[in-house]
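As structure tokens, the structure follows; a few thoughts come after it.
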Amino acid sequence: MDYRVKGLRGPVELIIDEWGIPHLYAENTDDVFFAQGFNAARDRLFQIDLWRRRGLGQLAEAFGPEYVEQDQAARLFLYRGDLEREWASYGPDAEQIATQFTTGINAYVDWLDDHPDQLPPEFGMLDYRPAKWAPEDVVRVRSHAIIHNVTSELARARFLHAGGGSEADKLRRRIEPEHDIEIPDGLDLDIPSGVLRTFALAAQQVVFTGDPREPLLRVGEGAPPPADQEGSNNWTIHGSRTATGRPILANDPHRAYSTPSLRYVAHLVAPGLDVIGAGEPALPGVSIGHNDAIAFGLTIFPIDGQDVYVYDLDPDDHTRYRYRDGWENLEIVTESLAVRGEDERKVDLTFTRHGPVVHTDVQRSKAYVVRSTWSEPGTAAYFGSIGYMRARSWPEFREALANWGAPGENQVYADIEGNIGWKAAGFVPKRVGYDGLLPVPGDGRYEWDGFFSSAEFPEIFNPDEGFWATANQFNLPDGYPAERALSYEWFDPGRYQRMVEVLAANENVTMQDAMRLQTDVNSLAAREVVGALRDVAPDDDVTTRALELLTCWDGETSAESAGAALFEVWIMRHFARAYLRMAVPPAGMRVLETFDYEGMRESLRKPGPVFGVDAERKRDELVRSSLRAAYADLEGMLGDDPAAWRWGDLHRTTIPHPLGFLDPSLEPPSLPMGGSGTTVNVAGYRLSDFLLTAGASFRTVIDVGEWDNSVVINTPGQSGNPSSKHYLDLHDRWHQGEYVPLLYSREAVEQHADERHRLLPE
């Protein structure tokens with residue numbers, strides 16, 4: 001099919017392969033980024049339109065007054081600084097790339113005016129039209145990015161105020177490296193609930209009016225969930241440890257499941273550019289993939305780029321706040337907000353020198369602000385990948401990451417010369433007089449003094465181990481300077497430990513080995529706990545049956561496993577709750593939102609101070625009583641015969657579409673799934689009903705140098721158009737742990753071409 005469009009300098013060929021991956025061939029880079037935007041709109045228009053409206057605070061314009069509050073919240077976190085500095089942060093051609101990309105999106109929207117039958121059905125269901133984009137829309141939106149740690153700051157303050165105590169707080173969230181929490185001078189820990197409601201509104205997905213479904217990442221019934229359900233895995237393996245002698249790089253980000261997927265795979269080819277891989281469809285470029293010289297992948301490096309500031313307001317004039325020895329005026333920005341079916345509304349956005357006001361306590365004359373690196377130039381999520389995707393060596397890759405802003409990332413690397421590497425990157429403020437673990441008074445005593453430079457972040461090149469892996473775990477090297485406080489809060493190391501266990505045992509890794517590891521559901525964390533259970537004696541028939549089932553189980557959390565079903569129901573729904581109630585004061589339990597699963601495993605293996613005097617006996621009693629409860633719970637859900645129990649009968653996929661509550665056919669079927677929150681194939685779940693919440697919807701394994709051997713999967717399919725054959729076509733393959741080719745050479749692409757289109761200048 002030929003598309004005649006304005007804005008092109010020359011023709012662009014678009015080849016869609018058998019698996020829905022677009023390969024774009026242009027005569028210049030301007031045209032290839034134009035074509036990337038055009039094709040993103042062709043395949044994912046409803047998704048990227050929602051991305052833009054949500055981020056810019058323009059939902060009410062399309063969907064009505066119910067979204068005014070969310071729009072107002074989103075606008076508080078838009079980038080409002082110097083746009084010239086913003087564009088320059090990403091490189092000399094960043095603005096041009098974004099301009100071409102958004103011009104391509106707009107060209108497809110214009111094309112739809114003449115072909116209204118091609119408009120995705122969601123627009124008809126909601127009775128609205130897609131919007132046009134401006135180049136700055138790509139970078140002004142900040143609230144889609146993963147960032148840490150304001151929610152943890154507030155949770156810690158509430159917990160300490162409730163009498164939880166600093167030692168008990170370590171059961172809630174582990175601090176690494178070891179560090180004593182200090183309450184900032186002048187901070188009142190009595191912080192009202194709901195302080196971060198506006199921040200949460202700004203960052204949340206769009207939930208349409210009338211949708212009865214519980215959001216996947218909302219806390220359910222039962223014990224609090226382990227911390228951090230969205231992360232990633234990656235690793236890079238030197239050729240000395242592979243079967244071919246070539247490096248292998250693998251990456252699988254873990255985010256909330258959605259239809260369509262968060263990521264989109266594309267191949268961009270123009271003179272001086274030949275890059276393939278995944279990015280978010282609303283952004284130009286590729287953030288995970290390879291060019292003809294290097295491969296690259298990322299996981300979250302959970303740096304601390306946020307703080308909550310608490311201000312004293314002038315009791316006689318709430319437009320002023322205390323700063324140092326005087327009062328400063330709040331900055332109030334009034335903006336117009338279009339509202340469907342109503343007159344335009346005026347909304348006030350309030351700021352201090354540190355950032356947007358997210359809550360005002362009128363009675364106590366307090367204001368609360370979220371200060372974030374989002375306000376700094378260069379922190380549009382993932383847009384910085386337009387630099388490193390064009391690097392051709394380790395020095396160029398490091399240079400491209402020198403200004404990487406957000407999110408904080410573990411970037412892994414491999415090249416055709418056989419080298420591998422890891423570089424952490426992101427903006428972290430240098431805090432003066434505080435550690436960032438609690439809110440601070442906004443009176444001028446607690447400030448940021450610039451940011452740590454890229455050279456101050458850890459990195460490694462050709463490690464002695466022959467491989468490097470990351471899974472969001474604490475990975476600051478031994479001897480790393482304590483004054484470089486990049487973060488104190490990291491993810492559970494269970495996934496990382498399993499990856500290292502497998503990779504260290506294999507000196508001849510194949511592509512198939514790497515794929516198996518990405519889909520591995522053996523829980524090293526569960527094996528640790530089961531080892532401790534062998535020391536526990538049963539005291540009745542139920543605990544005898546339960547302990548026998550668990551101690552004979554190998555930690556394989558497959559969908560067919562009875563042991564996995566009992567273990568997960570027991571450890572998360574029953575033991576965790578009992579353990580925390582034993583260790584945490586009742587007032588602390590009422591505000592406890594998460595817990596340190598790693599620390600709980602350690603207490604099970606080596607009962608200590610948490611259990612008090614006679615620790616082993618108390619541990620054994622807690623294990624037995626919680627096992628009895630879990631066994632009865634499982635009988636109620638799966639029947640009386642343990643031989644018939646299956647983890648996958650409880651633990652099932654759900655990959656929601658925003659309008660799936662209106663039309664279930666927009667979503668793939670729910671399927672039984674193995675895995676858990678501590679398996680490499682991460683499969684965290686909601687405690688109320690065990691539905692999966694987040695995981696690896698996208699995976700890739702790259703054979704560095706023999707690029708056509710590389711593989712990828714992206715569930716439920718590449719396309720976001722329900723009428724496309726590529727809408728759900730990858731879901732079953734993904735569920736089975738399978739992959740499809742990530743074709744790179746023109747010859748291989750031609751052999752598997754399924755559709756051909758041309759974009760022609762009008």
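Chain labels follow the order of the structure tokens: the first chain is A, the next B, and so on; residue numbering restarts at 1 in every chain, and ligands are counted from 1 in their shown order.
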Running DSSP on the backbone, which parts of stretch 386-628 of chain A land in strand (DSSP E or B), as a PyMOL selection string?
chain A and resi 409-415+420-425+429-432+440-441+447-451+459-461+467-470+509+522+556+595
Could you save those same residues with N, CA, C and O atoms as a compact mmCIF listing (two decimals), in the first residue's frame?
# COMPACT_ATOMS: atom_id res chain seq x y z
N GLU A 409 19.24 3.73 35.46
CA GLU A 409 19.33 2.48 34.72
C GLU A 409 20.67 1.77 34.94
O GLU A 409 21.71 2.41 35.05
N ASN A 410 20.59 0.43 34.96
CA ASN A 410 21.75 -0.44 34.73
C ASN A 410 21.82 -0.69 33.23
O ASN A 410 20.99 -1.42 32.68
N GLN A 411 22.76 -0.09 32.56
CA GLN A 411 22.90 -0.26 31.12
C GLN A 411 23.97 -1.33 30.86
O GLN A 411 25.11 -1.19 31.32
N VAL A 412 23.60 -2.40 30.16
CA VAL A 412 24.58 -3.42 29.80
C VAL A 412 24.91 -3.31 28.32
O VAL A 412 24.11 -2.80 27.51
N TYR A 413 26.08 -3.83 27.97
CA TYR A 413 26.69 -3.54 26.66
C TYR A 413 27.43 -4.78 26.16
O TYR A 413 27.97 -5.58 26.94
N ALA A 414 27.44 -4.95 24.84
CA ALA A 414 28.30 -5.95 24.19
C ALA A 414 28.60 -5.44 22.79
O ALA A 414 27.78 -4.73 22.19
N ASP A 415 29.76 -5.81 22.24
CA ASP A 415 30.08 -5.34 20.89
C ASP A 415 30.71 -6.44 20.05
O ASP A 415 31.05 -7.52 20.54
N ILE A 420 32.33 -6.69 26.63
CA ILE A 420 31.06 -6.52 27.36
C ILE A 420 31.28 -5.48 28.46
O ILE A 420 32.42 -5.21 28.86
N GLY A 421 30.18 -4.91 28.96
CA GLY A 421 30.32 -3.91 30.02
C GLY A 421 29.00 -3.60 30.69
O GLY A 421 27.93 -4.04 30.25
N TRP A 422 29.12 -2.86 31.79
CA TRP A 422 27.95 -2.38 32.55
C TRP A 422 28.23 -0.97 33.02
O TRP A 422 29.34 -0.66 33.47
N LYS A 423 27.25 -0.11 32.89
CA LYS A 423 27.37 1.27 33.35
C LYS A 423 26.04 1.69 33.98
O LYS A 423 24.99 1.58 33.34
N ALA A 424 26.09 2.14 35.24
CA ALA A 424 24.91 2.71 35.87
C ALA A 424 24.81 4.18 35.51
O ALA A 424 25.83 4.86 35.34
N ALA A 425 23.58 4.68 35.38
CA ALA A 425 23.39 6.06 34.93
C ALA A 425 22.09 6.63 35.46
O ALA A 425 21.13 5.90 35.73
N PRO A 429 20.70 13.70 43.08
CA PRO A 429 21.16 14.94 43.71
C PRO A 429 22.16 14.67 44.82
O PRO A 429 22.10 13.65 45.51
N LYS A 430 23.07 15.61 45.00
CA LYS A 430 23.94 15.61 46.17
C LYS A 430 23.19 16.34 47.29
O LYS A 430 23.03 17.56 47.26
N ARG A 431 22.74 15.58 48.27
CA ARG A 431 21.93 16.14 49.35
C ARG A 431 22.84 16.71 50.44
O ARG A 431 23.81 16.07 50.83
N VAL A 432 22.48 17.86 50.93
CA VAL A 432 23.26 18.54 51.96
C VAL A 432 22.57 18.35 53.31
O VAL A 432 21.48 18.87 53.54
N VAL A 440 11.71 16.21 54.50
CA VAL A 440 12.52 17.23 55.17
C VAL A 440 11.77 18.56 55.18
O VAL A 440 10.95 18.83 54.30
N PRO A 441 12.03 19.38 56.19
CA PRO A 441 11.47 20.74 56.17
C PRO A 441 11.97 21.50 54.95
O PRO A 441 13.12 21.35 54.53
N GLU A 447 19.07 21.06 51.20
CA GLU A 447 19.07 21.44 49.79
C GLU A 447 19.85 20.44 48.95
O GLU A 447 20.54 19.55 49.46
N TRP A 448 19.72 20.58 47.64
CA TRP A 448 20.52 19.83 46.68
C TRP A 448 21.68 20.71 46.24
O TRP A 448 21.49 21.89 45.94
N ASP A 449 22.86 20.10 46.18
CA ASP A 449 24.05 20.82 45.73
C ASP A 449 24.57 20.17 44.46
O ASP A 449 25.62 19.53 44.44
N GLY A 450 23.80 20.30 43.39
CA GLY A 450 24.19 19.70 42.12
C GLY A 450 23.87 18.20 42.09
O GLY A 450 23.08 17.69 42.90
N PHE A 451 24.51 17.51 41.15
CA PHE A 451 24.23 16.10 40.92
C PHE A 451 25.54 15.33 40.79
O PHE A 451 26.56 15.88 40.38
N GLU A 459 30.78 1.27 37.18
CA GLU A 459 30.79 0.65 35.85
C GLU A 459 31.80 -0.48 35.86
O GLU A 459 32.63 -0.60 36.77
N ILE A 460 31.73 -1.32 34.84
CA ILE A 460 32.73 -2.39 34.69
C ILE A 460 32.86 -2.71 33.20
O ILE A 460 31.89 -2.61 32.45
N PHE A 461 34.08 -3.04 32.79
CA PHE A 461 34.36 -3.38 31.40
C PHE A 461 35.10 -4.71 31.38
O PHE A 461 36.12 -4.88 32.06
N PHE A 467 30.89 -12.50 32.71
CA PHE A 467 29.49 -12.09 32.49
C PHE A 467 29.16 -11.03 33.53
O PHE A 467 29.86 -10.86 34.53
N TRP A 468 28.07 -10.32 33.27
CA TRP A 468 27.55 -9.36 34.24
C TRP A 468 26.04 -9.38 34.16
O TRP A 468 25.47 -9.37 33.08
N ALA A 469 25.40 -9.42 35.32
CA ALA A 469 23.93 -9.50 35.38
C ALA A 469 23.41 -8.47 36.36
O ALA A 469 24.06 -8.15 37.36
N THR A 470 22.22 -7.95 36.07
CA THR A 470 21.56 -7.04 37.00
C THR A 470 20.08 -7.38 37.06
O THR A 470 19.49 -7.82 36.08
N VAL A 509 27.63 -21.11 27.13
CA VAL A 509 26.24 -20.67 27.04
C VAL A 509 25.81 -20.56 25.58
O VAL A 509 26.52 -19.99 24.74
N ASN A 522 12.42 -21.36 38.52
CA ASN A 522 12.94 -21.97 39.74
C ASN A 522 13.29 -20.86 40.72
O ASN A 522 14.09 -19.97 40.41
N GLU A 556 10.58 -25.33 41.93
CA GLU A 556 10.13 -25.04 40.56
C GLU A 556 8.68 -24.57 40.64
O GLU A 556 7.77 -25.35 40.92
N PHE A 595 6.88 -5.04 52.84
CA PHE A 595 7.83 -5.66 53.77
C PHE A 595 9.04 -6.19 53.01
O PHE A 595 9.00 -6.39 51.79
Closest atom pairs, residues of stretch 54-160 of chain A within 8 Å of stretch 329-341 of chain A, only C-alpha atoms, as CSV:
residue,atom,partner,partner_atom,distance
A:Gln58,CA,A:Ala338,CA,7.4
A:Ala60,CA,A:Val339,CA,4.9
A:Glu61,CA,A:Val339,CA,4.4
A:Ala62,CA,A:Arg340,CA,5.8
A:Phe63,CA,A:Arg340,CA,6.2
A:Gly64,CA,A:Arg340,CA,4.6
A:Pro65,CA,A:Val339,CA,5.9
A:Val68,CA,A:Val339,CA,7.5
Writer output for current selection, all heavy atoms, as an mmCIF file, in the first residue's frame:
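Now in out21.cif:
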data_model
loop_
_atom_site.group_PDB
_atom_site.id
_atom_site.type_symbol
_atom_site.label_atom_id
_atom_site.label_comp_id
_atom_site.auth_asym_id
_atom_site.auth_seq_id
_atom_site.Cartn_x
_atom_site.Cartn_y
_atom_site.Cartn_z
ATOM 1 N N GLN A 58 -4.551 16.436 29.447
ATOM 2 C CA GLN A 58 -5.596 16.802 28.485
ATOM 3 C C GLN A 58 -6.655 15.705 28.350
ATOM 4 O O GLN A 58 -7.290 15.558 27.302
ATOM 5 C CB GLN A 58 -4.963 17.098 27.119
ATOM 6 C CG GLN A 58 -4.035 18.298 27.140
ATOM 7 C CD GLN A 58 -3.403 18.587 25.786
ATOM 8 O OE1 GLN A 58 -3.736 17.961 24.782
ATOM 9 N NE2 GLN A 58 -2.481 19.537 25.755
ATOM 10 N N ALA A 60 -9.519 15.474 30.157
ATOM 11 C CA ALA A 60 -10.869 16.021 30.280
ATOM 12 C C ALA A 60 -11.383 16.568 28.950
ATOM 13 O O ALA A 60 -12.591 16.546 28.687
ATOM 14 C CB ALA A 60 -10.899 17.115 31.341
ATOM 15 N N GLU A 61 -10.477 17.047 28.119
ATOM 16 C CA GLU A 61 -10.870 17.560 26.811
ATOM 17 C C GLU A 61 -11.591 16.492 26.000
ATOM 18 O O GLU A 61 -12.556 16.780 25.286
ATOM 19 C CB GLU A 61 -9.638 18.045 26.059
ATOM 20 C CG GLU A 61 -9.932 18.573 24.662
ATOM 21 C CD GLU A 61 -8.662 18.954 23.922
ATOM 22 O OE1 GLU A 61 -7.614 18.314 24.150
ATOM 23 O OE2 GLU A 61 -8.721 19.892 23.116
ATOM 24 N N ALA A 62 -11.141 15.258 26.123
ATOM 25 C CA ALA A 62 -11.739 14.165 25.352
ATOM 26 C C ALA A 62 -12.793 13.402 26.128
ATOM 27 O O ALA A 62 -13.764 12.912 25.544
ATOM 28 C CB ALA A 62 -10.640 13.199 24.896
ATOM 29 N N PHE A 63 -12.642 13.298 27.458
ATOM 30 C CA PHE A 63 -13.458 12.343 28.214
ATOM 31 C C PHE A 63 -14.343 12.967 29.282
ATOM 32 O O PHE A 63 -15.110 12.260 29.930
ATOM 33 C CB PHE A 63 -12.545 11.295 28.856
ATOM 34 C CG PHE A 63 -11.589 10.662 27.889
ATOM 35 C CD1 PHE A 63 -10.224 10.633 28.145
ATOM 36 C CD2 PHE A 63 -12.042 10.113 26.691
ATOM 37 C CE1 PHE A 63 -9.336 10.060 27.249
ATOM 38 C CE2 PHE A 63 -11.158 9.546 25.786
ATOM 39 C CZ PHE A 63 -9.804 9.520 26.065
ATOM 40 N N GLY A 64 -14.239 14.280 29.488
ATOM 41 C CA GLY A 64 -15.197 14.923 30.361
ATOM 42 C C GLY A 64 -14.664 15.333 31.721
ATOM 43 O O GLY A 64 -13.495 15.119 32.060
ATOM 44 N N PRO A 65 -15.530 15.932 32.531
ATOM 45 C CA PRO A 65 -15.109 16.578 33.781
ATOM 46 C C PRO A 65 -14.561 15.622 34.834
ATOM 47 O O PRO A 65 -13.872 16.068 35.758
ATOM 48 C CB PRO A 65 -16.392 17.254 34.279
ATOM 49 C CG PRO A 65 -17.513 16.532 33.598
ATOM 50 C CD PRO A 65 -16.978 16.123 32.266
ATOM 51 N N VAL A 68 -10.735 16.098 35.281
ATOM 52 C CA VAL A 68 -10.122 17.396 35.548
ATOM 53 C C VAL A 68 -9.055 17.282 36.630
ATOM 54 O O VAL A 68 -7.952 17.830 36.508
ATOM 55 C CB VAL A 68 -11.205 18.421 35.954
ATOM 56 C CG1 VAL A 68 -10.558 19.675 36.548
ATOM 57 C CG2 VAL A 68 -12.064 18.787 34.751
#
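For A:Asp312, the list of residues within 8 Å, based on only C-alpha atoms and with local chain neighbours fewer than 6 positions off taken out, reads Tyr321, Arg322, Ser365, Lys366, Ala367, Gly442 and Asp443 of chain A.
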Give me the stretch 384-476 of chain A side of the contact with stretch 138-143 of chain A, cut-off 12 Å, one line per residue showing its nearest atom pair and distance in Å at one decimal, counting only C-alpha atoms, sorted by chain and residue number, as a Markdown table.
| residue | atom | partner | partner_atom | distance |
| --- | --- | --- | --- | --- |
| A:Gly384 | CA | A:Val139 | CA | 10.2 |
| A:Gly405 | CA | A:Arg142 | CA | 11.2 |
| A:Ala406 | CA | A:Arg142 | CA | 9.3 |
| A:Pro407 | CA | A:Arg142 | CA | 10.1 |
Those same residues, written as a compact mmCIF listing (two decimals), in the first residue's frame with N, CA, C and O atoms?
# COMPACT_ATOMS: atom_id res chain seq x y z
N GLY A 384 16.84 9.76 26.07
CA GLY A 384 18.29 9.77 25.91
C GLY A 384 18.83 8.61 25.11
O GLY A 384 20.00 8.63 24.69
N GLY A 405 19.49 11.04 32.08
CA GLY A 405 18.77 11.59 33.22
C GLY A 405 17.83 10.63 33.91
O GLY A 405 17.87 10.45 35.13
N ALA A 406 16.93 10.00 33.13
CA ALA A 406 15.89 9.19 33.77
C ALA A 406 15.36 8.15 32.79
O ALA A 406 15.35 8.37 31.58
N PRO A 407 14.88 7.03 33.37
CA PRO A 407 15.00 6.63 34.76
C PRO A 407 16.45 6.24 35.08
O PRO A 407 17.28 6.11 34.18
Kindly indicate which residue among A:Asp307, A:Glu750, A:Asp43, A:Glu136 lies nearest to A:Pro356, using only C-alpha atoms for the distances.
A:Asp307
Stretch 167-169 of chain A surroundings by only C-alpha atoms, 10 Å radius, close-in-sequence under 2 positions cut, as a list in words:
Ala155, Arg156, Ala157, Phe159, Leu160, Gly163, Gly164, Gly165, Leu171, Arg172, Arg173, Arg174, Ile175, Asp180, Ile181, Leu580, Ala583, Val584, Pro585, Gly588, Leu592, Phe595, Asp596 and Val610 of chain A
For A:Gly494, the nearest of the candidates A:Val680, A:Leu283, A:Val362, A:Ala200, counting only C-alpha atoms:
A:Val680
Near-A:Pro439 list (10 Å; only C-alpha atoms; drop same-chain fewer than 5 positions) as a list in words
Val150, Ser152, Glu153, Leu154, Arg156, Ala157, Ile183, Pro184, Leu187, Asp188, Leu189, Ile191, Gln306, Asp307, Val308, Tyr309, Val310, Tyr368, Val369, Val370, Tyr434 and Tyr446 of chain A
Output C-alpha atoms for every residue in the selection just made, as a compact mmCIF listing (two decimals), in the first residue's frame.
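And here is the file that came out, result.txt:
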# COMPACT_ATOMS: atom_id res chain seq x y z
CA VAL A 150 8.79 9.68 47.75
CA SER A 152 8.88 5.19 50.66
CA GLU A 153 9.73 8.43 52.48
CA LEU A 154 6.10 8.93 53.46
CA ARG A 156 8.68 5.40 56.64
CA ALA A 157 7.49 8.61 58.30
CA ILE A 183 15.05 12.07 61.55
CA PRO A 184 15.73 15.51 60.06
CA LEU A 187 10.42 17.33 60.82
CA ASP A 188 7.05 16.49 62.34
CA LEU A 189 6.46 12.81 61.54
CA ILE A 191 2.05 13.59 58.25
CA GLN A 306 12.84 12.55 44.76
CA ASP A 307 12.19 14.21 48.10
CA VAL A 308 9.12 15.36 49.99
CA TYR A 309 9.48 18.88 51.39
CA VAL A 310 7.25 20.10 54.24
CA TYR A 368 3.81 19.46 50.97
CA VAL A 369 5.92 19.47 47.82
CA VAL A 370 7.43 16.71 45.71
CA TYR A 434 20.23 14.63 55.01
CA TYR A 446 18.04 20.69 53.34
Hey, which of A:Val5, A:Ala380, A:Leu547, A:Ile713 ends up closest to A:Glu86? Count only C-alpha atoms.
A:Ala380
Exercise: A:Asp649 partners within 8 Å, only C-alpha atoms, chain neighbours under 4 positions left out, as a PyMOL selection string:
chain A and resi 559+638+645+672
Residue subset to file, keeping N, CA, C and O atoms, as a short mmCIF file (atom, residue, chain, number, x, y, z; two decimals), in the first residue's frame:
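The resulting file, selection-v2.cif, is shown below:
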data_model
loop_
_atom_site.label_atom_id
_atom_site.label_comp_id
_atom_site.auth_asym_id
_atom_site.auth_seq_id
_atom_site.Cartn_x
_atom_site.Cartn_y
_atom_site.Cartn_z
N ALA A 559 3.34 -23.85 36.56
CA ALA A 559 1.89 -23.75 36.68
C ALA A 559 1.28 -25.05 37.15
O ALA A 559 0.19 -25.06 37.73
N LEU A 638 -8.91 -24.91 46.05
CA LEU A 638 -8.56 -25.92 45.04
C LEU A 638 -9.05 -27.32 45.37
O LEU A 638 -8.80 -28.25 44.60
N TRP A 645 -3.87 -30.13 43.24
CA TRP A 645 -3.57 -28.70 43.31
C TRP A 645 -2.61 -28.29 42.18
O TRP A 645 -1.66 -29.01 41.87
N PRO A 672 -3.16 -19.97 32.74
CA PRO A 672 -2.38 -20.35 33.92
C PRO A 672 -0.91 -20.04 33.70
O PRO A 672 -0.39 -20.19 32.60
#
Identify, on the basis of only C-alpha atoms, every residue whose closest approach to A:Ala134 does not exceed 10 Å; exclude the query and any residue fewer than 2 positions from it along the same chain; express the result as a VMD selection string.
chain A and resid 98 to 99 101 to 103 105 to 106 131 to 132 136 to 138
